[in-house]
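Report on the following structure.
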Amino acid sequence: MINERHYILGTAGHIDHGKSSLVRALTGTDPDRLPEEQLRGVTIELGFAHLSLADPSQMDSVYELGIVDVPGHADFVNNMVAGVGGMDVALFAVAADDGWMPQSEEHLHILSFLGIERSIVALTKSDLAEDLEFSMEFVRDSLQGTILEAAPIIPVSSITGEGIEELKAELCVQLADAPPSPNFAKPLLPVDRAFSVKGIGTVITGTLSGGDLKVGDRLVLQPDGLESHVRSIQNHSRSVPSASPGMRTALNLPELPVASKSRQGAHRGTLLTAPGAGDPSDTININMRRLPREIPGQLATKRSLPSGRRVRVHHGSGFVGARIYFIESKNISPGETQLAQLRFDEPRFMMVGDHVVLRDWSGEATVGGGVILDAEASRRHLRSEEQIRFLHQRAKAPDDLRVIFKSALERDCLVVLEELRARLRFSDREVEEVAAQLLKEEAAYRIGASLGAADWWNTLLTRAADLVGAYHKKNADLPGLPLADLRQAMIGRLPNPNLFDSVIEHLAPRGVNQRGTILAEDSFNPTLPEEIRAAANAIEKQLRQEPLNPPSRSDLAVDSPSRRALSFLIRSGVATELAEKVVILTEAYEEAGIKVLTFIKSKGQATASELRQELDTSRRIIMPLLERMDSEGKTRRNGDFRTAT
């Protein structure tokens with residue numbers, strides 16, 4: 001069975017160095033599709049072609065290469081960046097009769113900032129070279145200290161066909177150990193073309209990454225939020241039921257409009273994601289770097305870039321205006337790396353680990369690039385110690401999920417897993433696996449749908465338990481700390497007020513439990529000071545003298561000790577509060593209740609007056625007593641009568 005492996009090959013190089021001719025020689029397809037391009041012999045827009053390569057070393061493998069041909073002219077660098085973002089291998093063209101040129105250098109910078117690891121240098125127009133060995137040596141010297149330093153250099157001629165087969169063989173070598181495009185079950189398709197076909201509707205093309213797509217799936221257009229379903233999928237002009245990461249993909253999305261001046265819709269620079277992927281953000285934090293090499297003719301590549309400067313941020317197939325702020329310095333010079341925040345003119349959807357290319361606001365120079373460390377950054381506390389430590393941790397290992405997790409826990413204390421997953425180039429399963437490891441190591445605790453940092457959470461629970469213990473010591477006669485009081489004391493320490501219930505739940509293993517509206521230590525038993533105990537005994541004695549004709553509450557609680565004593569008797573269940581001014585012994589209330597029910601059952605129903613006479617009490621007592629029995633469901637009022645339930 002043939003194993004199809006899909007990759008993207010992108011061209012790069014100076015204008016008129018033979019990129020499009022080389023693609024035509026490799027594939028038989030002219031990537032210059034516009035009449036103006038064919039007339040001028042200059043690539044203006046992105047061009048596309050397809051190449052199938054059978055690997056002679058792996059007879060069952062066929063490399064299906066989607067080729068993206070980019071412009072080399074300085075005026076069209078924006079289009080160039082839009083085409084190279086998703087490439088797996090770069091085919092860098094340098095003309096043997098021309099050598100290393102300004103756009104060669106700029107394209108090298110861009111490939112460096114995008115992290116392209118596999119590259120081949122095609123020394124084009126080799127048939128025109130006066131000294132081919134010298135031309136190769138000149139190019140090799142130009143590549144010293146760059147990502148292309150070790151790249152193979154293959155002399156080729158699109159006119160004579162010289163070196164084309166050798167180039168194909170080298171492509172097979174480069175791809176033999178190339179990993180498949182990452183599949184983390186989050187499809188991402190940067191739109192590089194959008195057009196409408198009569199009778200079909202909107203067609204979108206782009207390079208799929210992140211996850212599989214199949215016919216019938218729903219997609220969301222970022223940043224507009226427009227939705228559509230996938231009616232059909234094509235790959236290299238053939239209909240397919242599904243597409244995988246690394247494939248050039250054309251989608252028919254009938255409900256999605258093509259953008260125009262009067263309406264939102266799909267256009268180059270927009271992005272298709274799965275529903276629930278998350279909302280676009282207007283602020284990101286990056287680790288920015290600049291190469292020490294200048295780009296000839298671009299003065300901005302020689303100068304420092306100051307904080308607060310406006311720039312163009314290229315990501316995926318588009319760019320957005322932004323203002324850049326450096327976090328630990330006032331500027332960045334060539335050859336330096338700095339933490340920075342980008343504040344966009346318009347929100348964009350990006351993910352942690354994505355690469356961006358930065359050009360000056362005029363669009364005349366490529367001034368740097370970076371890796372996204374925080375795709376939903378806050379503009380507050382930009383230069384706090386916690387923020388700087390967080391960004392440095394991620395900058396050291398931007399692709400390490402464990403580092404990403406631990407840095408978020410250390411800075412934010414509480415991490416909502418669903419929100420974290422949405423911005424990571426990792427599958428939900430991978431995220432859950434790392435979460436499980438942290439839980440097993442007791443580096444974190446599961447708190448509802450979130451993960452909490454262990455040190456922070458333990459400190460929080462210790463604080464809550466200590467407050468309960470301190471309350472017991474200060475109020476030995478009271479049953480426990482009111483929940484409302486604890487909430488007030490803790491709320492300032494909680495990143496989310498709803499977390500309070502989880503705090504209460506996790507106090508149980510520490511021997512603190514909720515009892516109604518209070519919290520108490522399991523081992524705590526209320527005790528009364530001697531003067532309060534004496535007052536309580538006196539009140540209880542008064543209540544026993546005439547159980548159903550007791551003194552009023554104001555007569556029982558005449559001073560502070562007696563008020564505390566009466567409160568204690570009610571909380572401990574010795575006494576029952578029938579009304580604001582009426583307190584009787586609980587045993588008297590229970591005995592009276594039995595008599596009331598017995599009398600009602602014997603009569604079928606009874607009035608309050610009849611029951612008052614039966615109990616030999618006053619209206620002051622019988623009315624709140626019956627109302628309490630009603631509320632407890634023991635009796636039911638029907639006009640002037642009471643019946644048993």
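Labels used: A, B, ... for chains in the order of the structure tokens, numbers from 1 for residues in each chain, and numbers from 1 for ligands as shown.
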Contact residues around Pro561 (chain A) with only C-alpha atoms at 7 Å, ignoring same-chain residues under 3 positions, as a PyMOL selection string:
chain A and resi 531-532+535+564-565
Would you kindly return, as a VMD selection string, each protein, DNA or RNA residue with an atom no farther than 7 Å from any atom of Leu451 (chain A), considering only C-alpha atoms and excluding same-chain residues fewer than 6 positions away?
chain A and resid 414 to 417 444 to 445
Between A:Glu106, A:Asp466, A:Asp412, A:Glu419, which is the closest to Val367 (chain A) once you count only C-alpha atoms?
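Of A:Glu106, A:Asp466, A:Asp412, A:Glu419, the one nearest Val367 (chain A) is A:Glu106, counting only C-alpha atoms.
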Using only C-alpha atoms, determine which residues lie at most 6 Å from region 248-260 of chain A, disregarding the query and same-chain residues fewer than 6 positions distant; provide the list as a VMD selection string.
chain A and resid 66 201 to 207 228 to 235 266 to 267
Would you kindly return, as a list in words, each protein, DNA or RNA residue with an atom no farther than 10 Å from any atom of region 550-556 of chain A, considering only C-alpha atoms and excluding same-chain residues fewer than 4 positions away?
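Selected residues are Ala535, Ala536, Ala538, Ile539, Glu540, Gln542, Leu543, Arg544, Gln545, Glu546, Ser562, Arg563, Ala565, Leu566, Glu577, Ala579, Glu580, Lys581, Val582, Val583, Ile584, Leu585, Thr617, Arg620 and Ile621 of chain A.
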Would you kindly return, as a VMD selection string, each protein, DNA or RNA residue with an atom no farther than 9 Å from any atom of Arg619 (chain A), considering only C-alpha atoms and excluding same-chain residues fewer than 4 positions away?
chain A and resid 608 to 609 612 623 to 624
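Using only C-alpha atoms, the smallest distance between any of A:Gly10, A:Pro182, A:Pro347, A:Pro495 and Gly225 (chain A) comes from A:Pro347.
With only C-alpha atoms as the atoms that count, the residue of A:Pro155, A:Pro334, A:Gly99, A:Gly604 with the shortest distance to Gly13 (chain A) is A:Gly99.
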At a cut-off of 10 Å, using only C-alpha atoms, what residues contact region 286-292 of chain A? Leave out same-chain residues fewer than 2 positions from it and give the result as number ranges by chain.
A: 109, 112-113, 146, 284, 294-295, 301-302, 304-305, 326, 332-342, 352-358, 366-375, 377, 391-392, 394-396, 398
For region 175-195 of chain A against region 50-58 of chain A, with a cut-off of 12 Å and counting only C-alpha atoms, what is the closest atom pair and its distance in Å to one decimal for every residue that makes the cut, ordered by chain and number, as a Markdown table?
```
| residue | atom | partner | partner_atom | distance |
| --- | --- | --- | --- | --- |
| A:Leu175 | CA | A:Asp55 | CA | 9.1 |
| A:Ala176 | CA | A:Asp55 | CA | 7.9 |
| A:Asp177 | CA | A:Gln58 | CA | 11.1 |
```
Out of A:Ala454, A:Pro526, A:Gln437, A:Val503, which residue has the shortest atom-to-atom distance to Ala476 (chain A) when counting only C-alpha atoms?
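Distance minimum relative to Ala476 (chain A) lands on A:Pro526.
Residues in contact range of Arg421 (chain A), defined as at most 10 Å between only C-alpha atoms, with sequence neighbours fewer than 2 positions away removed, read Ala277, Gly278, Met351, Val416, Leu417, Glu418, Glu419, Arg423, Leu424, Arg425, Phe426, Ser427, Asp428, Arg429, Glu430, Val431 and Glu432 of chain A.
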Please dump the current selection as a PDB file, in the first residue's frame; keep N, CA and C atoms.
```pdb
ATOM      1  N   ALA A 277     -12.686  27.336  19.294  1.00  0.00           N
ATOM      2  CA  ALA A 277     -11.228  27.481  19.365  1.00  0.00           C
ATOM      3  C   ALA A 277     -10.808  28.632  20.258  1.00  0.00           C
ATOM      4  N   GLY A 278     -11.711  29.577  20.479  1.00  0.00           N
ATOM      5  CA  GLY A 278     -11.370  30.734  21.297  1.00  0.00           C
ATOM      6  C   GLY A 278     -11.596  32.018  20.529  1.00  0.00           C
ATOM      7  N   MET A 351      -1.720  31.497  18.513  1.00  0.00           N
ATOM      8  CA  MET A 351      -1.517  30.457  19.509  1.00  0.00           C
ATOM      9  C   MET A 351      -0.106  30.540  20.072  1.00  0.00           C
ATOM     10  N   VAL A 416      -7.582  27.786  34.217  1.00  0.00           N
ATOM     11  CA  VAL A 416      -8.775  27.124  33.681  1.00  0.00           C
ATOM     12  C   VAL A 416      -8.333  26.287  32.479  1.00  0.00           C
ATOM     13  N   LEU A 417      -8.474  24.968  32.580  1.00  0.00           N
ATOM     14  CA  LEU A 417      -7.923  24.066  31.570  1.00  0.00           C
ATOM     15  C   LEU A 417      -8.500  24.332  30.184  1.00  0.00           C
ATOM     16  N   GLU A 418      -9.784  24.600  30.086  1.00  0.00           N
ATOM     17  CA  GLU A 418     -10.399  24.829  28.776  1.00  0.00           C
ATOM     18  C   GLU A 418      -9.803  26.059  28.106  1.00  0.00           C
ATOM     19  N   GLU A 419      -9.548  27.118  28.879  1.00  0.00           N
ATOM     20  CA  GLU A 419      -8.966  28.333  28.313  1.00  0.00           C
ATOM     21  C   GLU A 419      -7.516  28.109  27.908  1.00  0.00           C
ATOM     22  N   ARG A 423      -5.395  27.790  23.374  1.00  0.00           N
ATOM     23  CA  ARG A 423      -4.301  28.583  22.800  1.00  0.00           C
ATOM     24  C   ARG A 423      -3.001  27.796  22.636  1.00  0.00           C
ATOM     25  N   LEU A 424      -3.057  26.470  22.786  1.00  0.00           N
ATOM     26  CA  LEU A 424      -1.832  25.678  22.720  1.00  0.00           C
ATOM     27  C   LEU A 424      -1.817  24.784  21.493  1.00  0.00           C
ATOM     28  N   ARG A 425      -0.642  24.612  20.929  1.00  0.00           N
ATOM     29  CA  ARG A 425      -0.463  23.721  19.785  1.00  0.00           C
ATOM     30  C   ARG A 425      -0.206  22.293  20.288  1.00  0.00           C
ATOM     31  N   PHE A 426      -1.088  21.871  21.174  1.00  0.00           N
ATOM     32  CA  PHE A 426      -1.059  20.522  21.727  1.00  0.00           C
ATOM     33  C   PHE A 426      -2.491  20.010  21.794  1.00  0.00           C
ATOM     34  N   SER A 427      -2.647  18.704  21.715  1.00  0.00           N
ATOM     35  CA  SER A 427      -3.981  18.118  21.765  1.00  0.00           C
ATOM     36  C   SER A 427      -4.523  18.170  23.190  1.00  0.00           C
ATOM     37  N   ASP A 428      -5.830  18.042  23.307  1.00  0.00           N
ATOM     38  CA  ASP A 428      -6.453  18.002  24.630  1.00  0.00           C
ATOM     39  C   ASP A 428      -5.913  16.826  25.441  1.00  0.00           C
ATOM     40  N   ARG A 429      -5.651  15.705  24.754  1.00  0.00           N
ATOM     41  CA  ARG A 429      -5.111  14.540  25.463  1.00  0.00           C
ATOM     42  C   ARG A 429      -3.736  14.849  26.044  1.00  0.00           C
ATOM     43  N   GLU A 430      -2.879  15.515  25.283  1.00  0.00           N
ATOM     44  CA  GLU A 430      -1.551  15.866  25.787  1.00  0.00           C
ATOM     45  C   GLU A 430      -1.645  16.801  26.988  1.00  0.00           C
ATOM     46  N   VAL A 431      -2.574  17.755  26.927  1.00  0.00           N
ATOM     47  CA  VAL A 431      -2.758  18.687  28.044  1.00  0.00           C
ATOM     48  C   VAL A 431      -3.209  17.939  29.291  1.00  0.00           C
ATOM     49  N   GLU A 432      -4.156  17.016  29.127  1.00  0.00           N
ATOM     50  CA  GLU A 432      -4.651  16.258  30.279  1.00  0.00           C
ATOM     51  C   GLU A 432      -3.564  15.362  30.857  1.00  0.00           C
TER      52      GLU A 432
END
```
With distances taken over only C-alpha atoms, which residue among A:Leu226, A:Leu189, A:Ile518, A:Ala397 lies nearest Gly211 (chain A)?
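Of the candidates, the smallest distance to Gly211 (chain A) is held by A:Leu189.
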Atomic separation - CA of Asn496 (chain A) relative to CA of Leu439 (chain A), Å
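One can read the CA of Leu439 (chain A) to CA of Asn496 (chain A) distance as 21.0 Å.
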From the list A:Gln514, A:Gln222, A:Thr586, A:Thr645, which residue is nearest Asp501 (chain A) when using only C-alpha atoms?
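So, comparing all the options, the nearest one is A:Gln514.
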Could you check how far CA of Arg487 (chain A) sits from CA of Ser523 (chain A), in Å to one decimal?
22.2 Å
